[in-house]
Protein chains: 2
Amino acid sequence: METRRIDPVNCSVARALSVVGERWSLLIVREALDGARRFGDFHSRLGIARNLLATRLETLVTAGVMRRVPYQEPGDRRRFAYELTEQGRALRPTLVALLEWGDTYLADPQGPSVIVRHRPVDDASSCDEPVKVVLECAAGHSHLAPEDVCRTPGPGARFVESS
Amino acid sequence: METRRIDPVNCSVARALSVVGERWSLLIVREALDGARRFGDFHSRLGIARNLLATRLETLVTAGVMRRVPYQEPGDRRRFAYELTEQGRALRPTLVALLEWGDTYLADPQGPSVIVRHRPVDDASSCDEPVKVVLECAAGHSHLAPEDVCRTPGPGARFVESS
DNA sequence: GGGCTGAGTTGAAGAACTAAACCCATAAAG
DNA sequence: CTTTATGGGTTTAGTTCTTCAACTCAGCCC
């Protein structure tokens with residue numbers, strides 16, 4: 001029997017992974033969300049090989065996730081920093097989801113090493129409660145369980161035949 | 001089989017990525033969420049090399065993301081299928097977040113190829129609206145922007161020296 | 001000039017990925 | 001009872017990615 005299925009490779013998940021699916025990309029984005037800006041920041045925080053860091057940063061810049069901005073500190077030469085674009089900051093939910101999953105199933109015996117809180121950086125005034133990622137539908141139903149959702153073809157769907 | 005696992009940083013994101021951060025792992029989980037069960041399902045849907053699929057499935061099984069279950073179809077020999085554990089199904093929000101990010105920034109010109117809807121598989125009765133992932137804090141503030149959250153140390157935090 | 005620092009490059013070794021051929025057990029066909 | 005087909009892998013060979021360490025380069029500081 002032939003069935004038509006959504007082409008699994010023509011899919012935003014696959015495209016997203018082709019940009020941030022490499023071993024270090026999401027960790028680089030995570031450090032950037034946490035304030036890393038310079039080559040050496042990323043290198044020393046992550047322990048990634050320098051050449052790999054260079055090519056990853058370049059990949060992320062050409063993909064539009066990060067931006068290479070010149071800067072100059074007084075009494076120092078002109079250098080480059082890497083900062084997230086809006087596209088890069090939009091990866092926050094993905095990282096929170098991964099963090100939550102890791103905390104739940106691969107936890108350090110001492111508990112999570114990082115907690116994401118509801119507070120803009122450098123603003124001590126707001127609510128500060130831990131943040132979770134939840135699935136919510138357009139009709140307003142929130143906290144959907146993984147079983148409560150399914151994939152359906154969208155306008156850009158390609159189909160493949162399979163037996 | 002020996003698995004490498006170079007815990008780069010003590011963080012659940014890094015630990016999560018050491019399980020599902022390899023090139024195909026999340027796509028395998030995605031196909032499983034969409035109903036793939038057998039070796040050949042994954043192979044034909046994804047086009048992944050067979051040996052790699054075999055080791056990925058083994059990795060996912062030993063990591064507790066999938067389970068290897070024997071089954072037998074009438075008039076056929078006993079075979080094995082791979083199904084997600086609860087831990088594996090819990091990756092749904094991560095995949096929805098990646099899908100959303102890909103749809104927003106790497107979209108196919110025709111629009112998304114996949115839409116996730118609020119409906120249990122094979123239940124035509126429920127609301128069917130598209131699903132999004134949102135950040136929500138324990139105090140009930142919902143739809144937090146990436147800028148509204150920050151990382152803070154948790155009970156299991158390790159600290160490293162850096163200059 | 002000589003040394004130091006941040007920001008990379010280069011190169012060799014090893015690990016991971018790909019593709020294609022091969023293997024094995026069962027079952028169905030001849 | 002031999003042959004062929006099929007699902008589910010394993011082997012092998014070749015290519016690409018990662019890693020680590022060593023090297024370069026430009027500008028500041030003495």
# chains A, B, ... in the order shown; residues from 1 in each chain; ligands from 1

call {"tool": "closest_atom_pairs", "arguments": {"of": "chain D", "to": "chain B", "cutoff": "9 Å", "atoms": "only C-alpha atoms (C1' of nucleotides)", "output": "JSON lines"}}
result
{"residue": "D:DG7", "atom": "C1'", "partner": "B:Gly40", "partner_atom": "CA", "distance": 7.4}
{"residue": "D:DG8", "atom": "C1'", "partner": "B:Phe39", "partner_atom": "CA", "distance": 6.8}
{"residue": "D:DG9", "atom": "C1'", "partner": "B:Ala54", "partner_atom": "CA", "distance": 7.5}
{"residue": "D:DT10", "atom": "C1'", "partner": "B:Asn51", "partner_atom": "CA", "distance": 7.5}

call {"tool": "residues_around", "arguments": {"residues": "DT16 (chain D)", "least_positions_apart": "6", "cutoff": "12 Å", "atoms": "only C-alpha atoms (C1' of nucleotides)", "output": "PDB file with all heavy atoms, in the first residue's frame"}}
result
ATOM      1  P    DA C  15      39.756   7.929  18.662  1.00  0.00           P
ATOM      2  OP1  DA C  15      39.785   7.812  20.135  1.00  0.00           O
ATOM      3  OP2  DA C  15      40.048   6.762  17.804  1.00  0.00           O
ATOM      4  O5'  DA C  15      38.331   8.512  18.240  1.00  0.00           O
ATOM      5  C5'  DA C  15      37.916   9.780  18.752  1.00  0.00           C
ATOM      6  C4'  DA C  15      36.739  10.278  17.956  1.00  0.00           C
ATOM      7  O4'  DA C  15      37.170  10.610  16.622  1.00  0.00           O
ATOM      8  C3'  DA C  15      35.606   9.265  17.807  1.00  0.00           C
ATOM      9  O3'  DA C  15      34.406   9.891  18.236  1.00  0.00           O
ATOM     10  C2'  DA C  15      35.616   8.901  16.314  1.00  0.00           C
ATOM     11  C1'  DA C  15      36.212  10.149  15.687  1.00  0.00           C
ATOM     12  N9   DA C  15      36.941   9.944  14.437  1.00  0.00           N
ATOM     13  C8   DA C  15      38.001   9.115  14.233  1.00  0.00           C
ATOM     14  N7   DA C  15      38.472   9.151  12.998  1.00  0.00           N
ATOM     15  C5   DA C  15      37.664  10.077  12.364  1.00  0.00           C
ATOM     16  C6   DA C  15      37.641  10.572  11.046  1.00  0.00           C
ATOM     17  N6   DA C  15      38.491  10.182  10.093  1.00  0.00           N
ATOM     18  N1   DA C  15      36.695  11.480  10.742  1.00  0.00           N
ATOM     19  C2   DA C  15      35.850  11.875  11.694  1.00  0.00           C
ATOM     20  N3   DA C  15      35.771  11.487  12.962  1.00  0.00           N
ATOM     21  C4   DA C  15      36.715  10.577  13.241  1.00  0.00           C
ATOM     22  P    DA C  16      32.968   9.144  18.120  1.00  0.00           P
ATOM     23  OP1  DA C  16      32.164   9.642  19.250  1.00  0.00           O
ATOM     24  OP2  DA C  16      33.186   7.695  17.918  1.00  0.00           O
ATOM     25  O5'  DA C  16      32.350   9.744  16.773  1.00  0.00           O
ATOM     26  C5'  DA C  16      32.261  11.148  16.612  1.00  0.00           C
ATOM     27  C4'  DA C  16      31.611  11.477  15.293  1.00  0.00           C
ATOM     28  O4'  DA C  16      32.526  11.220  14.218  1.00  0.00           O
ATOM     29  C3'  DA C  16      30.358  10.671  14.986  1.00  0.00           C
ATOM     30  O3'  DA C  16      29.408  11.565  14.431  1.00  0.00           O
ATOM     31  C2'  DA C  16      30.838   9.633  13.977  1.00  0.00           C
ATOM     32  C1'  DA C  16      31.893  10.427  13.231  1.00  0.00           C
ATOM     33  N9   DA C  16      32.959   9.647  12.602  1.00  0.00           N
ATOM     34  C8   DA C  16      33.740   8.691  13.180  1.00  0.00           C
ATOM     35  N7   DA C  16      34.632   8.164  12.370  1.00  0.00           N
ATOM     36  C5   DA C  16      34.417   8.833  11.180  1.00  0.00           C
ATOM     37  C6   DA C  16      35.032   8.745   9.923  1.00  0.00           C
ATOM     38  N6   DA C  16      36.039   7.908   9.653  1.00  0.00           N
ATOM     39  N1   DA C  16      34.584   9.541   8.947  1.00  0.00           N
ATOM     40  C2   DA C  16      33.570  10.395   9.215  1.00  0.00           C
ATOM     41  N3   DA C  16      32.912  10.573  10.353  1.00  0.00           N
ATOM     42  C4   DA C  16      33.388   9.753  11.306  1.00  0.00           C
ATOM     43  P    DC C  17      27.941  11.086  14.013  1.00  0.00           P
ATOM     44  OP1  DC C  17      27.007  12.198  14.333  1.00  0.00           O
ATOM     45  OP2  DC C  17      27.702   9.738  14.547  1.00  0.00           O
ATOM     46  O5'  DC C  17      28.050  10.996  12.422  1.00  0.00           O
ATOM     47  C5'  DC C  17      28.318  12.180  11.687  1.00  0.00           C
ATOM     48  C4'  DC C  17      28.366  11.867  10.204  1.00  0.00           C
ATOM     49  O4'  DC C  17      29.533  11.075   9.940  1.00  0.00           O
ATOM     50  C3'  DC C  17      27.169  11.089   9.668  1.00  0.00           C
ATOM     51  O3'  DC C  17      26.590  11.831   8.605  1.00  0.00           O
ATOM     52  C2'  DC C  17      27.758   9.744   9.212  1.00  0.00           C
ATOM     53  C1'  DC C  17      29.223  10.092   8.977  1.00  0.00           C
ATOM     54  N1   DC C  17      30.195   8.969   9.188  1.00  0.00           N
ATOM     55  C2   DC C  17      31.031   8.577   8.133  1.00  0.00           C
ATOM     56  O2   DC C  17      30.936   9.145   7.045  1.00  0.00           O
ATOM     57  N3   DC C  17      31.923   7.575   8.340  1.00  0.00           N
ATOM     58  C4   DC C  17      32.011   6.983   9.530  1.00  0.00           C
ATOM     59  N4   DC C  17      32.907   6.007   9.677  1.00  0.00           N
ATOM     60  C5   DC C  17      31.174   7.375  10.620  1.00  0.00           C
ATOM     61  C6   DC C  17      30.283   8.368  10.404  1.00  0.00           C
ATOM     62  P    DT C  18      25.353  11.222   7.757  1.00  0.00           P
ATOM     63  OP1  DT C  18      24.613  12.359   7.168  1.00  0.00           O
ATOM     64  OP2  DT C  18      24.665  10.222   8.586  1.00  0.00           O
ATOM     65  O5'  DT C  18      26.088  10.468   6.580  1.00  0.00           O
ATOM     66  C5'  DT C  18      26.854  11.213   5.636  1.00  0.00           C
ATOM     67  C4'  DT C  18      27.243  10.317   4.481  1.00  0.00           C
ATOM     68  O4'  DT C  18      28.249   9.389   4.922  1.00  0.00           O
ATOM     69  C3'  DT C  18      26.104   9.493   3.904  1.00  0.00           C
ATOM     70  O3'  DT C  18      26.003   9.805   2.519  1.00  0.00           O
ATOM     71  C2'  DT C  18      26.493   8.044   4.174  1.00  0.00           C
ATOM     72  C1'  DT C  18      28.009   8.121   4.351  1.00  0.00           C
ATOM     73  N1   DT C  18      28.585   7.144   5.311  1.00  0.00           N
ATOM     74  C2   DT C  18      29.643   6.375   4.912  1.00  0.00           C
ATOM     75  O2   DT C  18      30.122   6.422   3.787  1.00  0.00           O
ATOM     76  N3   DT C  18      30.132   5.519   5.868  1.00  0.00           N
ATOM     77  C4   DT C  18      29.671   5.379   7.167  1.00  0.00           C
ATOM     78  O4   DT C  18      30.198   4.582   7.941  1.00  0.00           O
ATOM     79  C5   DT C  18      28.557   6.215   7.527  1.00  0.00           C
ATOM     80  C7   DT C  18      27.978   6.144   8.896  1.00  0.00           C
ATOM     81  C6   DT C  18      28.075   7.052   6.588  1.00  0.00           C
TER      82       DT C  18
END

call {"tool": "closest_atom_pairs", "arguments": {"of": "chain A", "to": "chain B", "cutoff": "6 Å", "atoms": "only C-alpha atoms", "output": "tab-separated table"}}
result
residue	atom	partner	partner_atom	distance
A:Cys11	CA	B:Ser113	CA	5.8
A:Ser12	CA	B:Gly102	CA	4.5
A:Val13	CA	B:Leu99	CA	4.6
A:Ala16	CA	B:Gly102	CA	4.9
A:Arg92	CA	B:Pro146	CA	5.7
A:Thr94	CA	B:Ala97	CA	5.0
A:Ala97	CA	B:Thr94	CA	5.0
A:Leu98	CA	B:Val13	CA	5.7
A:Leu99	CA	B:Val13	CA	4.6
A:Gly102	CA	B:Ser12	CA	4.6
A:Asp103	CA	B:Ser12	CA	5.6
A:Gln110	CA	B:Gly156	CA	4.6
A:Gly111	CA	B:Gly156	CA	4.8
A:Pro112	CA	B:Gly156	CA	5.1
A:Ser113	CA	B:Ala157	CA	3.8
A:Val114	CA	B:Gly154	CA	4.6
A:Ile115	CA	B:Thr152	CA	5.2
A:Val116	CA	B:Arg151	CA	4.5
A:Arg117	CA	B:Val149	CA	5.4
A:His118	CA	B:Val149	CA	4.6
A:Arg119	CA	B:Val149	CA	4.8
A:Pro120	CA	B:Asp148	CA	4.3
A:Val121	CA	B:Cys150	CA	5.8
A:Glu129	CA	B:Ala138	CA	5.5
A:Pro130	CA	B:Cys137	CA	5.4
A:Val131	CA	B:Cys137	CA	4.0
A:Lys132	CA	B:Glu136	CA	5.4
A:Val133	CA	B:Leu135	CA	4.6
A:Val134	CA	B:Val134	CA	5.4
A:Leu135	CA	B:Val133	CA	4.6
A:Glu136	CA	B:Lys132	CA	5.4
A:Cys137	CA	B:Val131	CA	4.0
A:Ala138	CA	B:Glu129	CA	5.5
A:Pro146	CA	B:Arg92	CA	5.7
A:Glu147	CA	B:Pro120	CA	5.8
A:Asp148	CA	B:Pro120	CA	4.3
A:Val149	CA	B:His118	CA	4.5
A:Cys150	CA	B:Arg117	CA	5.5
A:Arg151	CA	B:Val116	CA	4.5
A:Thr152	CA	B:Ile115	CA	5.2
A:Pro153	CA	B:Val114	CA	4.7
A:Gly154	CA	B:Ser113	CA	4.5
A:Pro155	CA	B:Gly111	CA	5.5
A:Gly156	CA	B:Ser113	CA	4.3
A:Ala157	CA	B:Ser113	CA	3.8

call {"tool": "write_last_selection", "arguments": {"atoms": "N, CA and C atoms", "output": "short mmCIF file (atom, residue, chain, number, x, y, z; two decimals), in the first residue's frame"}}
result
data_model
loop_
_atom_site.label_atom_id
_atom_site.label_comp_id
_atom_site.auth_asym_id
_atom_site.auth_seq_id
_atom_site.Cartn_x
_atom_site.Cartn_y
_atom_site.Cartn_z
N CYS A 11 11.49 20.13 6.23
CA CYS A 11 10.78 20.37 7.47
C CYS A 11 11.59 21.37 8.25
N SER A 12 10.91 22.23 8.95
CA SER A 12 11.63 23.27 9.66
C SER A 12 12.51 22.72 10.76
N VAL A 13 12.15 21.58 11.32
CA VAL A 13 13.02 21.00 12.32
C VAL A 13 14.35 20.63 11.69
N ALA A 16 16.19 23.77 10.87
CA ALA A 16 16.72 24.37 12.09
C ALA A 16 17.95 23.60 12.56
N ARG A 92 15.91 30.99 22.65
CA ARG A 92 15.75 30.79 24.08
C ARG A 92 14.75 29.68 24.44
N THR A 94 13.87 27.05 22.86
CA THR A 94 14.49 25.76 22.56
C THR A 94 15.46 25.37 23.66
N ALA A 97 13.66 24.47 26.82
CA ALA A 97 13.06 23.14 26.70
C ALA A 97 14.12 22.05 26.91
N LEU A 98 15.27 22.24 26.31
CA LEU A 98 16.35 21.26 26.48
C LEU A 98 16.82 21.20 27.93
N LEU A 99 16.94 22.37 28.52
CA LEU A 99 17.37 22.44 29.92
C LEU A 99 16.40 21.70 30.82
N GLY A 102 16.74 18.00 30.29
CA GLY A 102 17.94 17.51 30.95
C GLY A 102 17.79 17.47 32.46
N ASP A 103 17.18 18.51 33.02
CA ASP A 103 16.97 18.54 34.47
C ASP A 103 16.08 17.39 34.92
N GLN A 110 22.79 16.58 42.71
CA GLN A 110 22.62 17.73 43.59
C GLN A 110 21.50 18.66 43.14
N GLY A 111 20.88 18.34 42.02
CA GLY A 111 19.84 19.21 41.51
C GLY A 111 20.36 20.00 40.33
N PRO A 112 19.48 20.77 39.73
CA PRO A 112 19.87 21.52 38.54
C PRO A 112 20.98 22.52 38.83
N SER A 113 21.85 22.72 37.84
CA SER A 113 22.93 23.67 38.03
C SER A 113 22.52 25.06 37.60
N VAL A 114 21.44 25.12 36.87
CA VAL A 114 20.99 26.40 36.35
C VAL A 114 19.47 26.48 36.50
N ILE A 115 18.99 27.60 36.92
CA ILE A 115 17.55 27.82 36.94
C ILE A 115 17.27 29.08 36.14
N VAL A 116 16.31 28.98 35.24
CA VAL A 116 15.93 30.14 34.43
C VAL A 116 14.82 30.85 35.17
N ARG A 117 14.99 32.14 35.35
CA ARG A 117 14.03 32.90 36.13
C ARG A 117 13.41 34.04 35.33
N HIS A 118 12.22 34.42 35.75
CA HIS A 118 11.50 35.52 35.11
C HIS A 118 12.07 36.85 35.59
N ARG A 119 13.10 37.28 34.90
CA ARG A 119 13.71 38.55 35.27
C ARG A 119 14.64 39.00 34.15
N PRO A 120 14.42 40.16 33.61
CA PRO A 120 15.38 40.69 32.64
C PRO A 120 16.75 40.80 33.31
N VAL A 121 17.79 40.63 32.52
CA VAL A 121 19.14 40.74 33.04
C VAL A 121 19.31 42.09 33.74
N GLU A 129 10.53 34.27 39.53
CA GLU A 129 10.12 32.88 39.66
C GLU A 129 10.72 32.03 38.54
N PRO A 130 10.92 30.72 38.78
CA PRO A 130 11.45 29.84 37.74
C PRO A 130 10.52 29.78 36.53
N VAL A 131 11.14 29.63 35.38
CA VAL A 131 10.41 29.63 34.12
C VAL A 131 10.37 28.23 33.54
N LYS A 132 9.23 27.88 33.00
CA LYS A 132 9.09 26.61 32.29
C LYS A 132 8.56 26.88 30.90
N VAL A 133 8.73 25.87 30.05
CA VAL A 133 8.19 25.99 28.71
C VAL A 133 6.92 25.13 28.66
N VAL A 134 5.86 25.71 28.12
CA VAL A 134 4.61 24.96 28.03
C VAL A 134 4.06 25.04 26.61
N LEU A 135 3.32 24.01 26.24
CA LEU A 135 2.66 23.98 24.94
C LEU A 135 1.27 24.55 25.09
N GLU A 136 0.93 25.43 24.17
CA GLU A 136 -0.36 26.11 24.26
C GLU A 136 -0.94 26.25 22.87
N CYS A 137 -2.23 25.99 22.74
CA CYS A 137 -2.81 26.08 21.40
C CYS A 137 -3.47 27.45 21.21
N ALA A 138 -3.79 27.74 19.96
CA ALA A 138 -4.31 29.06 19.62
C ALA A 138 -5.67 29.31 20.26
N PRO A 146 2.54 16.01 25.82
CA PRO A 146 3.06 15.61 24.51
C PRO A 146 2.06 14.78 23.72
N GLU A 147 1.25 14.01 24.40
CA GLU A 147 0.30 13.14 23.69
C GLU A 147 -0.88 13.91 23.12
N ASP A 148 -1.07 15.14 23.58
CA ASP A 148 -2.24 15.89 23.16
C ASP A 148 -2.05 16.64 21.85
N VAL A 149 -0.89 16.48 21.24
CA VAL A 149 -0.66 17.21 20.00
C VAL A 149 -0.25 16.24 18.91
N CYS A 150 -0.48 16.64 17.67
CA CYS A 150 0.00 15.82 16.56
C CYS A 150 0.40 16.72 15.41
N ARG A 151 1.18 16.15 14.52
CA ARG A 151 1.66 16.90 13.36
C ARG A 151 0.67 16.77 12.21
N THR A 152 0.42 17.86 11.52
CA THR A 152 -0.40 17.81 10.32
C THR A 152 0.31 18.58 9.23
N PRO A 153 0.01 18.28 7.97
CA PRO A 153 0.67 18.99 6.87
C PRO A 153 0.29 20.47 6.87
N GLY A 154 1.24 21.30 6.54
CA GLY A 154 0.98 22.72 6.40
C GLY A 154 1.02 23.11 4.92
N PRO A 155 0.90 24.41 4.64
CA PRO A 155 0.84 24.86 3.24
C PRO A 155 2.08 24.51 2.43
N GLY A 156 3.24 24.43 3.06
CA GLY A 156 4.46 24.15 2.30
C GLY A 156 4.82 22.68 2.29
N ALA A 157 3.91 21.81 2.65
CA ALA A 157 4.25 20.39 2.76
C ALA A 157 4.59 19.77 1.41
#

call {"tool": "select_by_dssp", "arguments": {"residues": "chain B", "states": "alpha helix (DSSP H)", "output": "tab-separated table (two decimals) with N, CA and C atoms, in the first residue's frame"}}
result
chain	number	residue	atom	x	y	z
B	12	SER	N	22.56	21.01	32.39
B	12	SER	CA	21.61	20.07	31.81
B	12	SER	C	21.47	20.24	30.31
B	13	VAL	N	21.71	21.43	29.82
B	13	VAL	CA	21.66	21.61	28.38
B	13	VAL	C	22.75	20.78	27.74
B	14	ALA	N	23.96	20.86	28.31
B	14	ALA	CA	25.07	20.09	27.77
B	14	ALA	C	24.80	18.60	27.89
B	15	ARG	N	24.27	18.19	29.04
B	15	ARG	CA	23.97	16.77	29.20
B	15	ARG	C	22.89	16.33	28.23
B	16	ALA	N	21.87	17.16	28.08
B	16	ALA	CA	20.81	16.83	27.12
B	16	ALA	C	21.39	16.70	25.72
B	17	LEU	N	22.28	17.63	25.37
B	17	LEU	CA	22.84	17.58	24.03
B	17	LEU	C	23.75	16.38	23.84
B	18	SER	N	24.35	15.89	24.92
B	18	SER	CA	25.19	14.71	24.75
B	18	SER	C	24.34	13.48	24.43
B	19	VAL	N	23.06	13.55	24.69
B	19	VAL	CA	22.16	12.45	24.33
B	19	VAL	C	21.47	12.71	23.00
B	20	VAL	N	20.91	13.88	22.82
B	20	VAL	CA	20.13	14.15	21.61
B	20	VAL	C	20.75	15.22	20.72
B	25	SER	N	19.74	12.36	16.03
B	25	SER	CA	18.95	11.89	17.17
B	25	SER	C	17.58	12.54	17.24
B	26	LEU	N	17.52	13.86	17.12
B	26	LEU	CA	16.23	14.52	17.28
B	26	LEU	C	15.30	14.20	16.12
B	27	LEU	N	15.88	13.97	14.94
B	27	LEU	CA	15.01	13.61	13.82
B	27	LEU	C	14.44	12.22	14.02
B	28	ILE	N	15.22	11.34	14.62
B	28	ILE	CA	14.71	10.00	14.93
B	28	ILE	C	13.58	10.11	15.94
B	29	VAL	N	13.78	10.92	16.96
B	29	VAL	CA	12.72	11.10	17.96
B	29	VAL	C	11.48	11.71	17.31
B	30	ARG	N	11.71	12.67	16.43
B	30	ARG	CA	10.56	13.27	15.76
B	30	ARG	C	9.76	12.24	14.98
B	31	GLU	N	10.46	11.40	14.23
B	31	GLU	CA	9.74	10.38	13.46
B	31	GLU	C	9.03	9.41	14.38
B	32	ALA	N	9.64	9.12	15.52
B	32	ALA	CA	8.99	8.22	16.46
B	32	ALA	C	7.72	8.86	17.01
B	33	LEU	N	7.80	10.14	17.31
B	33	LEU	CA	6.60	10.85	17.77
B	33	LEU	C	5.52	10.80	16.70
B	39	PHE	N	12.89	-0.36	12.33
B	39	PHE	CA	14.16	0.05	11.73
B	39	PHE	C	13.93	0.64	10.33
B	40	GLY	N	13.17	-0.09	9.53
B	40	GLY	CA	12.94	0.35	8.16
B	40	GLY	C	12.14	1.63	8.08
B	41	ASP	N	11.23	1.86	9.01
B	41	ASP	CA	10.50	3.13	9.04
B	41	ASP	C	11.48	4.29	9.10
B	42	PHE	N	12.36	4.21	10.08
B	42	PHE	CA	13.29	5.31	10.28
B	42	PHE	C	14.22	5.44	9.08
B	43	HIS	N	14.69	4.31	8.60
B	43	HIS	CA	15.63	4.35	7.49
B	43	HIS	C	14.99	4.98	6.26
B	44	SER	N	13.78	4.56	5.92
B	44	SER	CA	13.21	5.07	4.67
B	44	SER	C	12.70	6.50	4.84
B	45	ARG	N	12.23	6.84	6.02
B	45	ARG	CA	11.74	8.21	6.18
B	45	ARG	C	12.86	9.22	6.20
B	46	LEU	N	13.96	8.87	6.84
B	46	LEU	CA	15.02	9.86	7.04
B	46	LEU	C	16.16	9.74	6.03
B	50	ARG	N	22.35	3.10	7.36
B	50	ARG	CA	21.81	2.04	8.21
B	50	ARG	C	22.67	1.79	9.45
B	51	ASN	N	23.97	1.81	9.26
B	51	ASN	CA	24.81	1.55	10.44
B	51	ASN	C	24.67	2.66	11.46
B	52	LEU	N	24.54	3.87	10.96
B	52	LEU	CA	24.40	4.99	11.87
B	52	LEU	C	23.05	4.90	12.58
B	53	LEU	N	22.03	4.55	11.85
B	53	LEU	CA	20.71	4.38	12.47
B	53	LEU	C	20.79	3.32	13.56
B	54	ALA	N	21.48	2.23	13.28
B	54	ALA	CA	21.59	1.17	14.28
B	54	ALA	C	22.28	1.69	15.55
B	55	THR	N	23.37	2.42	15.39
B	55	THR	CA	24.06	2.89	16.61
B	55	THR	C	23.27	4.00	17.28
B	56	ARG	N	22.56	4.85	16.51
B	56	ARG	CA	21.76	5.90	17.13
B	56	ARG	C	20.63	5.30	17.95
B	57	LEU	N	19.96	4.29	17.38
B	57	LEU	CA	18.87	3.65	18.11
B	57	LEU	C	19.41	3.03	19.39
B	58	GLU	N	20.58	2.40	19.27
B	58	GLU	CA	21.16	1.79	20.46
B	58	GLU	C	21.49	2.85	21.50
B	59	THR	N	22.07	3.95	21.04
B	59	THR	CA	22.37	5.06	21.96
B	59	THR	C	21.10	5.56	22.65
B	60	LEU	N	20.05	5.75	21.85
B	60	LEU	CA	18.81	6.28	22.41
B	60	LEU	C	18.19	5.28	23.38
B	61	VAL	N	18.33	4.00	23.07
B	61	VAL	CA	17.79	2.99	23.98
B	61	VAL	C	18.57	3.00	25.30
B	62	THR	N	19.89	3.01	25.21
B	62	THR	CA	20.65	2.98	26.47
B	62	THR	C	20.49	4.29	27.24
B	86	GLU	N	8.56	7.50	28.11
B	86	GLU	CA	8.03	8.79	28.55
B	86	GLU	C	9.11	9.86	28.41
B	87	GLN	N	10.33	9.49	28.75
B	87	GLN	CA	11.46	10.41	28.60
B	87	GLN	C	11.61	10.89	27.16
B	88	GLY	N	11.39	10.00	26.23
B	88	GLY	CA	11.48	10.37	24.83
B	88	GLY	C	10.34	11.27	24.41
B	89	ARG	N	9.12	10.93	24.85
B	89	ARG	CA	7.98	11.78	24.48
B	89	ARG	C	8.12	13.18	25.06
B	92	ARG	N	9.02	16.40	23.10
B	92	ARG	CA	8.10	17.11	22.21
B	92	ARG	C	8.25	18.64	22.31
B	93	PRO	N	8.26	19.23	23.50
B	93	PRO	CA	8.38	20.70	23.52
B	93	PRO	C	9.66	21.19	22.86
B	94	THR	N	10.77	20.47	23.04
B	94	THR	CA	12.01	20.85	22.37
B	94	THR	C	11.82	20.87	20.86
B	95	LEU	N	11.17	19.83	20.35
B	95	LEU	CA	10.97	19.74	18.91
B	95	LEU	C	10.00	20.80	18.41
B	96	VAL	N	8.98	21.08	19.20
B	96	VAL	CA	8.05	22.14	18.79
B	96	VAL	C	8.77	23.49	18.78
B	97	ALA	N	9.63	23.70	19.76
B	97	ALA	CA	10.37	24.96	19.80
B	97	ALA	C	11.28	25.09	18.59
B	98	LEU	N	11.96	24.01	18.24
B	98	LEU	CA	12.83	24.06	17.06
B	98	LEU	C	12.01	24.28	15.80
B	99	LEU	N	10.89	23.61	15.71
B	99	LEU	CA	10.01	23.75	14.55
B	99	LEU	C	9.57	25.19	14.40
B	100	GLU	N	9.16	25.77	15.50
B	100	GLU	CA	8.69	27.15	15.47
B	100	GLU	C	9.81	28.09	15.03
B	101	TRP	N	10.99	27.86	15.57
B	101	TRP	CA	12.11	28.70	15.21
B	101	TRP	C	12.43	28.57	13.73
B	102	GLY	N	12.45	27.34	13.26
B	102	GLY	CA	12.71	27.10	11.84
B	102	GLY	C	11.64	27.74	10.97
B	103	ASP	N	10.38	27.62	11.37
B	103	ASP	CA	9.30	28.23	10.59
B	103	ASP	C	9.44	29.73	10.53
B	104	THR	N	9.86	30.31	11.64
B	104	THR	CA	9.94	31.77	11.69
B	104	THR	C	11.12	32.31	10.88
B	105	TYR	N	12.25	31.63	10.96
B	105	TYR	CA	13.46	32.24	10.39
B	105	TYR	C	14.04	31.52	9.18

call {"tool": "calpha_fit_rmsd", "arguments": {"fixed": "chain B", "moving": "chain A"}}
result
5.9 Å

call {"tool": "select_by_dssp", "arguments": {"residues": "chain B", "states": "strand (DSSP E)", "output": "PyMOL selection string"}}
result
chain B and resi 66-72+78-84+114-118+131-137+149-153

call {"tool": "write_last_selection", "arguments": {"atoms": "C-alpha atoms", "output": "tab-separated table (two decimals), in the first residue's frame"}}
result
chain	number	residue	atom	x	y	z
B	66	MET	CA	13.55	4.70	23.42
B	67	ARG	CA	12.68	1.14	24.21
B	68	ARG	CA	13.30	-1.94	22.05
B	69	VAL	CA	10.19	-4.08	22.04
B	70	PRO	CA	9.71	-7.44	20.38
B	71	TYR	CA	6.66	-7.89	18.23
B	72	GLN	CA	5.40	-10.42	15.77
B	78	ARG	CA	9.56	-12.08	15.48
B	79	ARG	CA	11.09	-8.65	15.08
B	80	PHE	CA	11.95	-5.65	17.16
B	81	ALA	CA	10.39	-2.24	17.14
B	82	TYR	CA	11.57	0.94	18.77
B	83	GLU	CA	9.19	3.09	20.71
B	84	LEU	CA	9.60	6.20	22.78
B	114	VAL	CA	4.21	20.92	9.25
B	115	ILE	CA	1.75	22.36	11.72
B	116	VAL	CA	1.47	20.96	15.20
B	117	ARG	CA	-2.13	20.86	16.35
B	118	HIS	CA	-3.93	20.35	19.62
B	131	VAL	CA	0.20	24.75	19.05
B	132	LYS	CA	2.98	27.05	20.13
B	133	VAL	CA	5.55	26.84	22.85
B	134	VAL	CA	5.50	29.64	25.40
B	135	LEU	CA	7.65	30.52	28.38
B	136	GLU	CA	5.74	30.79	31.62
B	137	CYS	CA	6.95	31.44	35.13
B	149	VAL	CA	14.33	35.67	31.53
B	150	CYS	CA	17.82	35.06	32.82
B	151	ARG	CA	19.90	32.17	34.08
B	152	THR	CA	20.75	31.89	37.75
B	153	PRO	CA	22.77	29.24	39.59

call {"tool": "atom_distance", "arguments": {"atom1": "C1' of DT15 (chain D)", "atom2": "CA of Ile48 (chain B)"}}
result
15.9 Å

call {"tool": "closest_residue", "arguments": {"among": "D:DC20, D:DC25, D:DC1, D:DC30", "to": "DG6 (chain C)", "atoms": "only C-alpha atoms (C1' of nucleotides)"}}
result
D:DC25
